[in-house]
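Have a look at start_26.cif below; it lists mmCIF, C-alpha atoms and all ligand atoms.
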```
data_entry
loop_
_atom_site.label_atom_id
_atom_site.label_comp_id
_atom_site.auth_asym_id
_atom_site.auth_seq_id
_atom_site.Cartn_x
_atom_site.Cartn_y
_atom_site.Cartn_z
CA MET A 1127 -4.22 -35.21 -3.13
CA ARG A 1128 -4.68 -37.83 -0.44
CA CYS A 1129 -1.00 -37.60 0.40
CA CYS A 1130 -0.29 -34.13 1.73
CA GLU A 1131 2.45 -34.43 4.30
CA PRO A 1132 3.69 -30.99 5.40
CA ASN A 1133 6.97 -31.05 3.49
CA HIS A 1134 5.85 -32.81 0.37
CA GLU A 1135 6.20 -30.79 -2.81
CA HIS A 1136 5.24 -33.59 -5.18
CA GLU A 1137 1.99 -33.76 -7.08
CA CYS A 1138 -0.98 -35.07 -5.13
CA GLY A 1139 -3.67 -36.39 -7.41
CA GLY A 1140 -2.40 -34.08 -10.14
CA VAL A 1141 -2.37 -30.96 -7.91
CA SER A 1142 0.85 -29.97 -6.16
CA ARG A 1143 0.64 -29.51 -2.40
CA ARG A 1144 1.53 -25.85 -2.83
CA ASN A 1145 -1.31 -25.31 -5.33
CA PHE A 1146 -3.67 -27.38 -3.21
CA LEU A 1147 -3.04 -25.18 -0.17
CA LYS A 1148 -3.35 -22.06 -2.30
CA ILE A 1149 -6.75 -23.18 -3.59
CA CYS A 1150 -7.97 -24.11 -0.09
CA THR A 1151 -6.83 -20.72 1.24
CA ALA A 1152 -8.48 -18.93 -1.68
CA ALA A 1153 -11.69 -20.90 -1.04
CA ALA A 1154 -11.58 -19.87 2.63
CA VAL A 1155 -11.22 -16.22 1.63
CA TYR A 1156 -14.05 -16.49 -0.96
CA MET A 1157 -16.27 -17.83 1.81
CA GLY A 1158 -15.46 -14.87 4.05
CA LEU A 1159 -13.38 -16.99 6.44
CA GLU A 1160 -9.96 -16.12 7.78
CA GLU A 1161 -7.01 -17.28 5.69
CA SER A 1162 -6.06 -19.73 8.45
CA PHE A 1163 -9.17 -21.75 7.62
CA GLY A 1164 -7.37 -22.77 4.41
CA ILE A 1165 -5.30 -25.22 6.48
CA LYS A 1166 -8.42 -26.53 8.20
CA ILE A 1167 -10.10 -27.08 4.83
CA ALA A 1168 -7.00 -28.83 3.47
CA GLU A 1169 -6.88 -31.11 6.53
CA ALA A 1170 -10.58 -31.94 6.27
CA VAL A 1171 -10.16 -32.91 2.62
CA THR A 1172 -6.99 -34.94 3.10
CA ASN A 1173 -8.26 -36.68 6.25
CA ALA A 1174 -11.64 -37.61 4.78
CA LYS A 1175 -11.98 -41.40 4.86
CA LYS A 1176 -14.01 -41.48 1.70
CA ARG A 1177 -14.62 -39.01 -1.06
CA PRO A 1178 -18.28 -37.90 -1.07
CA PRO A 1179 -20.15 -39.71 -3.84
CA VAL A 1180 -21.85 -37.38 -6.30
CA ILE A 1181 -24.72 -38.20 -8.62
CA TRP A 1182 -24.87 -35.52 -11.31
CA LEU A 1183 -28.15 -35.43 -13.27
CA SER A 1184 -28.63 -33.43 -16.48
CA GLY A 1185 -32.02 -32.09 -17.57
CA GLN A 1186 -32.79 -29.32 -20.03
CA GLY A 1187 -29.38 -27.72 -20.38
CA CYS A 1188 -26.46 -27.29 -22.73
CA THR A 1189 -23.90 -29.14 -20.52
CA GLY A 1190 -22.11 -25.81 -20.13
CA CYS A 1191 -22.12 -26.25 -16.35
CA THR A 1192 -20.17 -29.51 -16.66
CA GLU A 1193 -17.90 -27.88 -19.23
CA THR A 1194 -17.13 -24.95 -16.94
CA LEU A 1195 -15.64 -27.38 -14.43
CA LEU A 1196 -13.57 -29.14 -17.04
CA ARG A 1197 -12.37 -26.53 -19.48
CA PRO A 1198 -8.79 -27.24 -20.47
CA ASP A 1199 -7.41 -23.85 -19.42
CA HIS A 1200 -8.55 -24.55 -15.85
CA PRO A 1201 -6.64 -27.75 -15.09
CA THR A 1202 -5.97 -27.18 -11.39
CA VAL A 1203 -9.54 -26.66 -10.27
CA GLU A 1204 -10.81 -29.36 -12.59
CA LYS A 1205 -8.37 -31.92 -11.16
CA LEU A 1206 -9.15 -30.85 -7.63
CA ILE A 1207 -12.91 -31.11 -8.08
CA ILE A 1208 -12.72 -34.48 -9.78
CA ASP A 1209 -10.34 -35.75 -7.09
CA LEU A 1210 -12.32 -34.20 -4.25
CA ILE A 1211 -15.54 -35.97 -5.11
CA ALA A 1212 -16.35 -39.44 -6.37
CA LEU A 1213 -18.32 -38.55 -9.49
CA ASP A 1214 -20.32 -41.77 -9.77
CA TYR A 1215 -22.70 -40.63 -12.48
CA ASN A 1216 -22.60 -37.79 -15.00
CA GLU A 1217 -24.09 -38.41 -18.43
CA THR A 1218 -21.56 -36.14 -20.16
CA LEU A 1219 -18.55 -37.81 -18.53
CA ASN A 1220 -19.65 -41.42 -17.99
CA THR A 1221 -17.38 -43.88 -19.72
CA GLY A 1222 -20.19 -46.41 -19.78
CA ALA A 1223 -23.56 -45.82 -21.40
CA GLY A 1224 -27.07 -47.20 -21.56
CA HIS A 1225 -28.02 -50.02 -19.16
CA GLN A 1226 -24.49 -50.21 -17.77
CA ALA A 1227 -24.47 -46.55 -16.69
CA GLU A 1228 -28.01 -46.73 -15.27
CA GLU A 1229 -27.14 -49.87 -13.27
CA TYR A 1230 -24.07 -48.15 -11.84
CA LYS A 1231 -26.13 -45.12 -10.82
CA LYS A 1232 -28.74 -47.32 -9.15
CA ARG A 1233 -26.08 -49.21 -7.23
CA SER A 1234 -24.33 -46.03 -6.08
CA ILE A 1235 -27.61 -44.53 -4.83
CA GLU A 1236 -28.45 -47.70 -2.90
CA GLU A 1237 -24.99 -48.12 -1.38
CA ASN A 1238 -24.66 -44.43 -0.47
CA ALA A 1239 -28.24 -43.61 0.53
CA GLY A 1240 -28.25 -40.60 2.84
CA LYS A 1241 -24.59 -39.88 2.10
CA PHE A 1242 -24.28 -38.78 -1.51
CA ILE A 1243 -24.52 -35.27 -2.96
CA LEU A 1244 -27.04 -34.79 -5.75
CA VAL A 1245 -26.10 -32.16 -8.33
CA VAL A 1246 -28.69 -31.21 -10.92
CA GLU A 1247 -27.76 -29.37 -14.10
CA GLY A 1248 -30.41 -28.00 -16.47
CA SER A 1249 -34.05 -27.13 -15.88
CA ILE A 1250 -36.87 -29.57 -15.27
CA PRO A 1251 -39.83 -29.65 -17.67
CA THR A 1252 -43.15 -29.99 -15.87
CA LYS A 1253 -45.74 -29.62 -18.64
CA ASP A 1254 -47.65 -32.80 -19.58
CA ASN A 1255 -46.21 -34.60 -16.54
CA GLY A 1256 -42.66 -33.78 -17.61
CA ILE A 1257 -42.69 -35.87 -20.79
CA TYR A 1258 -40.35 -33.45 -22.59
CA CYS A 1259 -37.18 -34.73 -20.93
CA GLN A 1260 -36.63 -38.42 -20.40
CA VAL A 1261 -33.56 -40.44 -19.44
CA ALA A 1262 -33.60 -44.23 -19.76
CA GLY A 1263 -37.35 -44.10 -20.43
CA GLN A 1264 -38.18 -42.24 -17.22
CA ASN A 1265 -39.41 -38.64 -16.97
CA PHE A 1266 -36.64 -36.42 -15.61
CA ILE A 1267 -38.89 -34.85 -12.99
CA ASP A 1268 -39.50 -38.31 -11.46
CA ILE A 1269 -35.78 -39.17 -11.54
CA VAL A 1270 -34.98 -35.92 -9.72
CA LYS A 1271 -37.61 -36.45 -7.02
CA GLU A 1272 -36.62 -40.09 -6.41
CA THR A 1273 -32.90 -39.33 -6.25
CA ALA A 1274 -33.26 -36.22 -4.07
CA ALA A 1275 -35.25 -38.19 -1.50
CA ARG A 1276 -32.15 -40.33 -0.83
CA ALA A 1277 -29.45 -37.61 -1.02
CA ALA A 1278 -27.57 -35.97 1.86
CA ALA A 1279 -27.41 -32.60 0.10
CA VAL A 1280 -28.84 -31.19 -3.10
CA ILE A 1281 -27.13 -28.63 -5.33
CA ALA A 1282 -28.68 -26.95 -8.38
CA ILE A 1283 -25.79 -25.88 -10.59
CA GLY A 1284 -26.27 -23.17 -13.19
CA SER A 1285 -29.16 -20.82 -13.86
CA CYS A 1286 -31.36 -23.43 -15.57
CA ALA A 1287 -31.37 -25.74 -12.54
CA SER A 1288 -31.53 -22.80 -10.10
CA TRP A 1289 -34.61 -21.07 -11.49
CA GLY A 1290 -35.35 -22.32 -15.01
CA GLY A 1291 -32.80 -20.23 -16.94
CA ILE A 1292 -33.04 -20.13 -20.72
CA PRO A 1293 -35.60 -22.96 -21.15
CA SER A 1294 -38.00 -21.12 -18.81
CA SER A 1295 -37.84 -17.81 -20.70
CA GLY A 1296 -40.96 -16.97 -22.68
CA PRO A 1297 -42.89 -18.75 -24.10
CA ASN A 1298 -41.54 -21.70 -22.05
CA PRO A 1299 -43.27 -24.43 -24.07
CA THR A 1300 -42.14 -27.26 -21.76
CA GLY A 1301 -43.09 -25.61 -18.47
CA ALA A 1302 -39.41 -25.57 -17.45
CA LYS A 1303 -38.74 -24.88 -13.76
CA GLY A 1304 -35.79 -24.77 -11.42
CA LEU A 1305 -35.05 -27.41 -8.80
CA PRO A 1306 -36.26 -25.40 -5.76
CA GLU A 1307 -39.72 -25.26 -7.33
CA ILE A 1308 -39.76 -29.04 -7.76
CA LEU A 1309 -38.32 -29.91 -4.31
CA LYS A 1310 -40.26 -27.40 -2.25
CA SER A 1311 -39.64 -29.06 1.13
CA THR A 1312 -35.92 -29.72 0.54
CA THR A 1313 -33.02 -27.32 1.07
CA VAL A 1314 -31.53 -26.77 -2.37
CA VAL A 1315 -28.24 -24.92 -2.74
CA THR A 1316 -28.41 -22.92 -5.94
CA ILE A 1317 -25.26 -21.86 -7.79
CA PRO A 1318 -26.66 -19.83 -10.69
CA GLY A 1319 -24.61 -18.50 -13.56
CA CYS A 1320 -24.39 -19.18 -17.27
CA PRO A 1321 -21.94 -20.71 -16.77
CA PRO A 1322 -21.58 -20.81 -12.98
CA ASN A 1323 -18.14 -20.08 -11.61
CA PRO A 1324 -16.37 -23.38 -10.70
CA TYR A 1325 -14.87 -21.77 -7.60
CA ASN A 1326 -18.35 -21.22 -6.17
CA PHE A 1327 -19.14 -24.92 -6.63
CA LEU A 1328 -15.74 -25.94 -5.26
CA SER A 1329 -16.08 -23.65 -2.22
CA THR A 1330 -19.56 -24.99 -1.45
CA VAL A 1331 -18.32 -28.58 -1.54
CA LEU A 1332 -15.24 -27.70 0.54
CA HIS A 1333 -17.47 -25.99 3.13
CA TYR A 1334 -19.66 -29.08 3.33
CA LEU A 1335 -16.65 -31.37 3.71
CA THR A 1336 -14.95 -29.20 6.32
CA PHE A 1337 -17.86 -28.18 8.53
CA ASN A 1338 -20.30 -30.99 7.73
CA ARG A 1339 -22.98 -28.45 6.89
CA LEU A 1340 -23.95 -26.24 3.98
CA PRO A 1341 -22.81 -22.61 3.80
CA GLU A 1342 -25.23 -19.87 4.78
CA LEU A 1343 -27.77 -19.32 1.99
CA ASP A 1344 -29.85 -16.35 0.86
CA ASP A 1345 -33.60 -16.51 0.24
CA LYS A 1346 -32.97 -17.92 -3.25
CA GLY A 1347 -30.74 -20.71 -1.94
CA ARG A 1348 -27.50 -19.06 -3.11
CA PRO A 1349 -24.42 -19.23 -0.87
CA LYS A 1350 -24.13 -15.79 0.69
CA PHE A 1351 -20.36 -15.81 0.37
CA ALA A 1352 -20.77 -15.65 -3.41
CA TYR A 1353 -24.05 -13.84 -4.07
CA SER A 1354 -24.55 -11.23 -1.35
CA ARG A 1355 -23.13 -8.25 -3.22
CA LEU A 1356 -24.10 -6.53 -6.44
CA ILE A 1357 -21.72 -6.83 -9.37
CA HIS A 1358 -22.00 -3.03 -9.62
CA GLU A 1359 -20.44 -2.69 -6.13
CA ASN A 1360 -17.22 -4.47 -7.09
CA CYS A 1361 -16.91 -3.51 -10.76
CA GLU A 1362 -13.62 -1.96 -11.87
CA ARG A 1363 -15.62 0.44 -14.14
CA ARG A 1364 -17.63 1.80 -11.19
CA PRO A 1365 -15.64 5.06 -10.87
CA HIS A 1366 -16.65 5.83 -14.49
CA PHE A 1367 -20.31 5.21 -13.61
CA ASP A 1368 -20.06 7.55 -10.63
CA ALA A 1369 -18.34 10.19 -12.76
CA GLY A 1370 -20.89 9.87 -15.59
CA ARG A 1371 -18.46 8.46 -18.16
CA PHE A 1372 -20.26 5.91 -20.35
CA ALA A 1373 -19.64 3.93 -23.52
CA GLU A 1374 -22.47 4.90 -25.87
CA GLU A 1375 -21.83 2.30 -28.57
CA PHE A 1376 -19.63 -0.76 -28.95
CA GLY A 1377 -16.27 0.38 -30.30
CA ASP A 1378 -16.71 4.11 -29.62
CA GLU A 1379 -14.13 6.14 -27.77
CA GLY A 1380 -15.73 5.54 -24.37
CA HIS A 1381 -15.84 1.80 -25.00
CA ARG A 1382 -12.19 1.75 -26.04
CA LYS A 1383 -11.24 3.73 -22.95
CA GLY A 1384 -12.95 1.26 -20.63
CA TYR A 1385 -15.85 3.48 -19.54
CA CYS A 1386 -18.96 2.17 -17.80
CA LEU A 1387 -21.20 -0.10 -19.91
CA TYR A 1388 -24.50 0.94 -18.31
CA LYS A 1389 -25.88 2.53 -21.47
CA LEU A 1390 -25.09 -0.63 -23.43
CA GLY A 1391 -27.43 -2.57 -21.14
CA CYS A 1392 -25.14 -3.70 -18.32
CA LYS A 1393 -27.24 -5.47 -15.66
CA GLY A 1394 -24.52 -5.24 -12.99
CA PRO A 1395 -26.56 -2.71 -10.96
CA GLN A 1396 -29.29 -5.30 -10.29
CA THR A 1397 -27.36 -8.58 -10.33
CA TYR A 1398 -25.87 -10.26 -7.29
CA ALA A 1399 -22.69 -12.29 -7.95
CA ASN A 1400 -18.96 -12.30 -7.25
CA CYS A 1401 -17.79 -12.38 -10.91
CA PRO A 1402 -15.63 -9.22 -10.69
CA ALA A 1403 -13.94 -10.51 -7.54
CA ILE A 1404 -13.07 -14.08 -8.53
CA LEU A 1405 -13.04 -13.78 -12.35
CA PHE A 1406 -12.99 -16.72 -14.76
CA ASN A 1407 -10.41 -19.09 -16.25
CA ASP A 1408 -7.50 -18.13 -13.96
CA VAL A 1409 -5.93 -16.00 -16.67
CA GLY A 1410 -5.53 -12.79 -14.74
CA GLY A 1411 -7.25 -9.43 -14.34
CA GLY A 1412 -10.26 -8.50 -16.42
CA SER A 1413 -11.28 -12.07 -17.32
CA TRP A 1414 -14.99 -11.61 -16.83
CA PRO A 1415 -17.65 -10.26 -19.22
CA VAL A 1416 -17.51 -6.58 -18.17
CA GLY A 1417 -13.71 -6.80 -17.97
CA THR A 1418 -13.59 -7.82 -21.63
CA GLY A 1419 -15.94 -5.04 -22.71
CA HIS A 1420 -19.34 -6.75 -22.76
CA PRO A 1421 -22.19 -5.67 -20.49
CA CYS A 1422 -23.21 -8.08 -17.75
CA PHE A 1423 -26.49 -9.69 -18.82
CA GLY A 1424 -27.56 -10.72 -15.33
CA CYS A 1425 -27.30 -14.49 -15.76
CA THR A 1426 -27.26 -15.18 -12.00
CA GLU A 1427 -30.43 -13.22 -11.30
CA GLN A 1428 -33.91 -14.61 -11.79
CA GLY A 1429 -36.08 -12.07 -13.61
CA VAL A 1430 -33.03 -10.32 -15.10
CA GLY A 1431 -30.97 -12.79 -17.17
CA PHE A 1432 -32.94 -14.16 -20.16
CA SER A 1433 -35.86 -11.95 -19.12
CA ILE A 1434 -34.91 -8.28 -19.54
CA PRO A 1435 -33.77 -7.47 -23.11
CA LEU A 1436 -29.99 -7.50 -23.42
CA HIS A 1437 -29.54 -3.82 -24.17
CA SER A 1438 -32.28 -2.35 -21.95
CA PRO A 1439 -30.90 -0.22 -19.11
CA ALA A 1440 -30.82 -1.85 -15.69
CA HIS A 1441 -32.71 -0.80 -12.63
CA VAL A 1442 -30.08 0.75 -10.33
CA ILE A 1443 -30.59 -0.63 -6.83
CA HIS A 1444 -27.90 1.47 -5.13
CA PRO A 1445 -27.39 4.78 -6.95
CA ALA A 1446 -24.96 6.16 -4.35
CA PRO A 1447 -21.21 5.75 -4.96
CA SER A 1448 -19.78 2.58 -3.48
CA ALA A 1449 -18.20 2.90 -0.04
CA LEU A 1450 -15.28 0.90 -1.39
CA GLN A 1451 -14.25 3.53 -3.93
CA ALA A 1452 -11.71 6.20 -2.99
CA PRO A 1453 -13.47 8.63 -0.62
CA ILE A 1454 -14.73 11.78 -2.28
CA ILE A 1455 -14.60 13.70 1.01
CA PRO A 1456 -11.20 13.04 2.67
CA GLU A 1457 -11.56 11.25 5.99
CA ARG A 1458 -10.73 13.37 9.02
CA PRO A 1459 -9.05 11.85 12.05
CA GLU A 1460 -10.66 14.29 14.50
CA PRO A 1461 -14.42 14.66 15.04
CA MET A 1462 -16.03 17.19 12.73
CA SER A 1463 -17.59 20.35 14.05
CA GLY A 1464 -21.34 20.66 13.68
CA THR A 1465 -20.96 23.09 10.77
CA ALA A 1466 -18.42 20.87 8.97
CA ALA A 1467 -20.65 17.81 9.46
CA ALA A 1468 -23.59 19.71 8.01
CA LEU A 1469 -21.51 20.80 5.01
CA ALA A 1470 -20.18 17.27 4.46
CA GLY A 1471 -23.70 15.84 4.72
CA GLY A 1472 -24.87 18.38 2.17
CA ALA A 1473 -22.03 17.42 -0.17
CA VAL A 1474 -22.83 13.70 0.08
CA GLY A 1475 -26.52 14.47 -0.45
CA ALA A 1476 -25.62 16.47 -3.54
CA ILE A 1477 -23.51 13.59 -4.90
CA VAL A 1478 -26.30 11.07 -4.31
CA GLY A 1479 -28.79 13.46 -5.85
CA ALA A 1480 -26.52 14.09 -8.84
CA SER A 1481 -26.05 10.35 -9.29
CA ALA A 1482 -29.80 9.81 -9.12
CA MET A 1483 -30.40 12.60 -11.64
CA ALA A 1484 -27.76 11.16 -13.97
CA ILE A 1485 -29.51 7.79 -13.91
CA LYS A 1486 -32.88 9.42 -14.43
CA ARG A 1487 -31.48 11.28 -17.44
CA ILE A 1488 -30.09 8.05 -18.88
CA GLY A 1489 -33.47 6.38 -18.41
CA GLU A 1490 -35.24 9.29 -20.11
CA GLN A 1491 -32.77 9.25 -23.00
CA SER A 1492 -33.48 5.55 -23.43
CA GLY A 1493 -37.24 6.11 -23.21
CA LYS A 1494 -37.30 4.27 -19.84
CA THR A 1495 -38.39 6.85 -17.35
CA GLU A 1496 -39.63 4.08 -15.03
CA GLN A 1497 -35.97 3.16 -14.42
CA SER A 1498 -35.65 5.84 -11.76
CA PRO A 1499 -33.27 4.81 -8.97
CA LYS A 1500 -34.73 3.31 -5.84
CA GLU A 1501 -32.97 2.63 -2.56
CA GLU A 1502 -33.47 -0.92 -1.32
FE1 LIG B 1601 -19.69 -1.94 -14.04
FE2 LIG B 1601 -21.94 -2.36 -15.32
FE3 LIG B 1601 -21.97 -1.04 -13.00
FE4 LIG B 1601 -20.97 0.11 -15.19
S1 LIG B 1601 -23.11 -0.50 -14.86
S2 LIG B 1601 -20.07 0.08 -13.16
S3 LIG B 1601 -20.02 -1.63 -16.23
S4 LIG B 1601 -21.41 -3.18 -13.32
#
```
Give the structure from the file, written as structure tokens.
Ligand code: SF4
Amino acid sequence: MRCCEPNHEHECGGVSRRNFLKICTAAAVYMGLEESFGIKIAEAVTNAKKRPPVIWLSGQGCTGCTETLLRPDHPTVEKLIIDLIALDYNETLNTGAGHQAEEYKKRSIEENAGKFILVVEGSIPTKDNGIYCQVAGQNFIDIVKETAARAAAVIAIGSCASWGGIPSSGPNPTGAKGLPEILKSTTVVTIPGCPPNPYNFLSTVLHYLTFNRLPELDDKGRPKFAYSRLIHENCERRPHFDAGRFAEEFGDEGHRKGYCLYKLGCKGPQTYANCPAILFNDVGGGSWPVGTGHPCFGCTEQGVGFSIPLHSPAHVIHPAPSALQAPIIPERPEPMSGTAAALAGGAVGAIVGASAMAIKRIGEQSGKTEQSPKEE
């Protein structure tokens, strides 16, 4: 990848120049930048004098976040990520072990103080001074604090590191917390998901390398380019939701026809993430949970994933039809008359009202009358 002369078509670090440029352009688009920024990102990566060192610490997790970067049907992104960064320490991937690995980590932190990126995977136990997760005889919470104090940037990857995830769900016997709660005075980029999408991690790192700063974050530390829109807004089943066509049971006619999964417990209406837009595994359309017929369970959203029962109906944040769907009232090139505008307004109001009533009915059918729609 270091060698990306304009006319080279050969493989660079395992990724062809063509694919490399495609990925950089895609990353630019994911981040809401113009396509032309793809070239700028590619130049920043290829001109970098040194790959940014990364110390990757693992706490209470299943290593699924590491696996999502490395899965064998995702070779291009995996190669790019591994070639983009200098992964100096990752317990799942280290070739060395024990004292040797710990010595290497210590040396990398000392040599790269103030320059390395700290990535934390898994939640951090806090009960009884954090005794429930130790690495090399040291409590994980202390390792995290010490390492973060010397890092240039800190990323919490996955839902467990972002806000506690599965280990923090009731009864939470270890007092598991996410990284932002441990490092209260540090900016922590959170990339939640179970697993998180590797493109969101890749785009965050590319942004940092290109612009020398982190991407814009929301109030939960999530990059806005990836987590500013509800799944429900971009879902391919949304027209069925708006039309009141729902799967009632797994395998019924509505399910087989691809109807909306709201009644099966889909949490898309209250979960912010870009899953339906960027998909998973690079295998084509529909490769995300809802696309394959399973309701979204809200894994990127604190208080939703691992908190609300899987098949309970979601709270619908925006009951009105998405502005991105085909317009229900045809757009008119000329200004409407006052009467026409009043009629159109009434029609939209009726649609919103009908949508709200439909949701209310669903909630009542499910014995959840408190799930009435609420505008944010
Ligand atoms: Fe898609 Fe779920 Fe929203 Fe239905 S409820 S449109 S399946 S996100």
Expressed in Å, the length from CA of Glu1228 in chain A to CA of Gln1186 in chain A is 18.7 Å
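Atom pair CA of Thr1330 in chain A / CA of Ile1443 in chain A has a distance of 27.3 Å (rounded to one decimal).
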Take every atom of ligand LIG 1601 (chain B) listed in the file, fit an axis-aligned box around them, add 3 Å per side, and give the centre and edge lengths in Å to one decimal as JSON.
```
{"center_x": -21.4, "center_y": -1.5, "center_z": -14.6, "size_x": 9.4, "size_y": 9.3, "size_z": 9.2}
```
Separation of CA of Arg1339 in chain A and CA of Pro1322 in chain A, in Å?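 Separation between CA of Arg1339 in chain A and CA of Pro1322 in chain A: 21.3 Å.
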Near Tyr1258 in chain A, counting all atoms listed in the file, which residues have an atom at most 12 Å away, once you skip same-chain residues fewer than 4 positions from it, shown as a list in words?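 Here the answer would be Gly1185, Gln1186, Ser1249, Ile1250, Pro1251, Thr1252, Lys1253, Asp1254, Gly1263, Gln1264, Asn1265, Phe1266, Ile1267, Pro1293, Asn1298, Pro1299, Thr1300, Gly1301 and Ala1302 of chain A.
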Sort by chain and increasing residue number a table of all residues of chain A within 8 Å of ligand LIG 1601 (chain B), each with its closest pair of atoms and their distance in Å to one decimal, counting only C-alpha atoms and all ligand atoms, and write it as a Markdown table.
```
| residue | atom | partner | partner_atom | distance |
| --- | --- | --- | --- | --- |
| A:Ile1357 | CA | B:LIG1601 | S4 | 5.4 |
| A:His1358 | CA | B:LIG1601 | S4 | 3.7 |
| A:Glu1359 | CA | B:LIG1601 | FE3 | 7.2 |
| A:Asn1360 | CA | B:LIG1601 | S4 | 7.6 |
| A:Cys1361 | CA | B:LIG1601 | FE1 | 4.6 |
| A:Glu1362 | CA | B:LIG1601 | FE1 | 6.4 |
| A:Arg1363 | CA | B:LIG1601 | S2 | 4.6 |
| A:Arg1364 | CA | B:LIG1601 | S2 | 3.6 |
| A:Pro1365 | CA | B:LIG1601 | S2 | 7.0 |
| A:His1366 | CA | B:LIG1601 | S2 | 6.8 |
| A:Phe1367 | CA | B:LIG1601 | S2 | 5.2 |
| A:Asp1368 | CA | B:LIG1601 | S2 | 7.9 |
| A:Phe1372 | CA | B:LIG1601 | FE4 | 7.8 |
| A:Tyr1385 | CA | B:LIG1601 | S3 | 7.4 |
| A:Cys1386 | CA | B:LIG1601 | FE4 | 3.9 |
| A:Leu1387 | CA | B:LIG1601 | S3 | 4.2 |
| A:Tyr1388 | CA | B:LIG1601 | S1 | 4.0 |
| A:Lys1389 | CA | B:LIG1601 | S1 | 7.8 |
| A:Gly1391 | CA | B:LIG1601 | S1 | 7.9 |
| A:Cys1392 | CA | B:LIG1601 | FE2 | 4.6 |
| A:Lys1393 | CA | B:LIG1601 | FE2 | 6.2 |
| A:Gly1394 | CA | B:LIG1601 | S4 | 3.7 |
| A:Pro1395 | CA | B:LIG1601 | FE3 | 5.3 |
| A:Val1416 | CA | B:LIG1601 | S3 | 5.9 |
| A:Pro1421 | CA | B:LIG1601 | FE2 | 6.1 |
| A:Cys1422 | CA | B:LIG1601 | FE2 | 6.3 |
| A:Ala1440 | CA | B:LIG1601 | S1 | 7.9 |
```
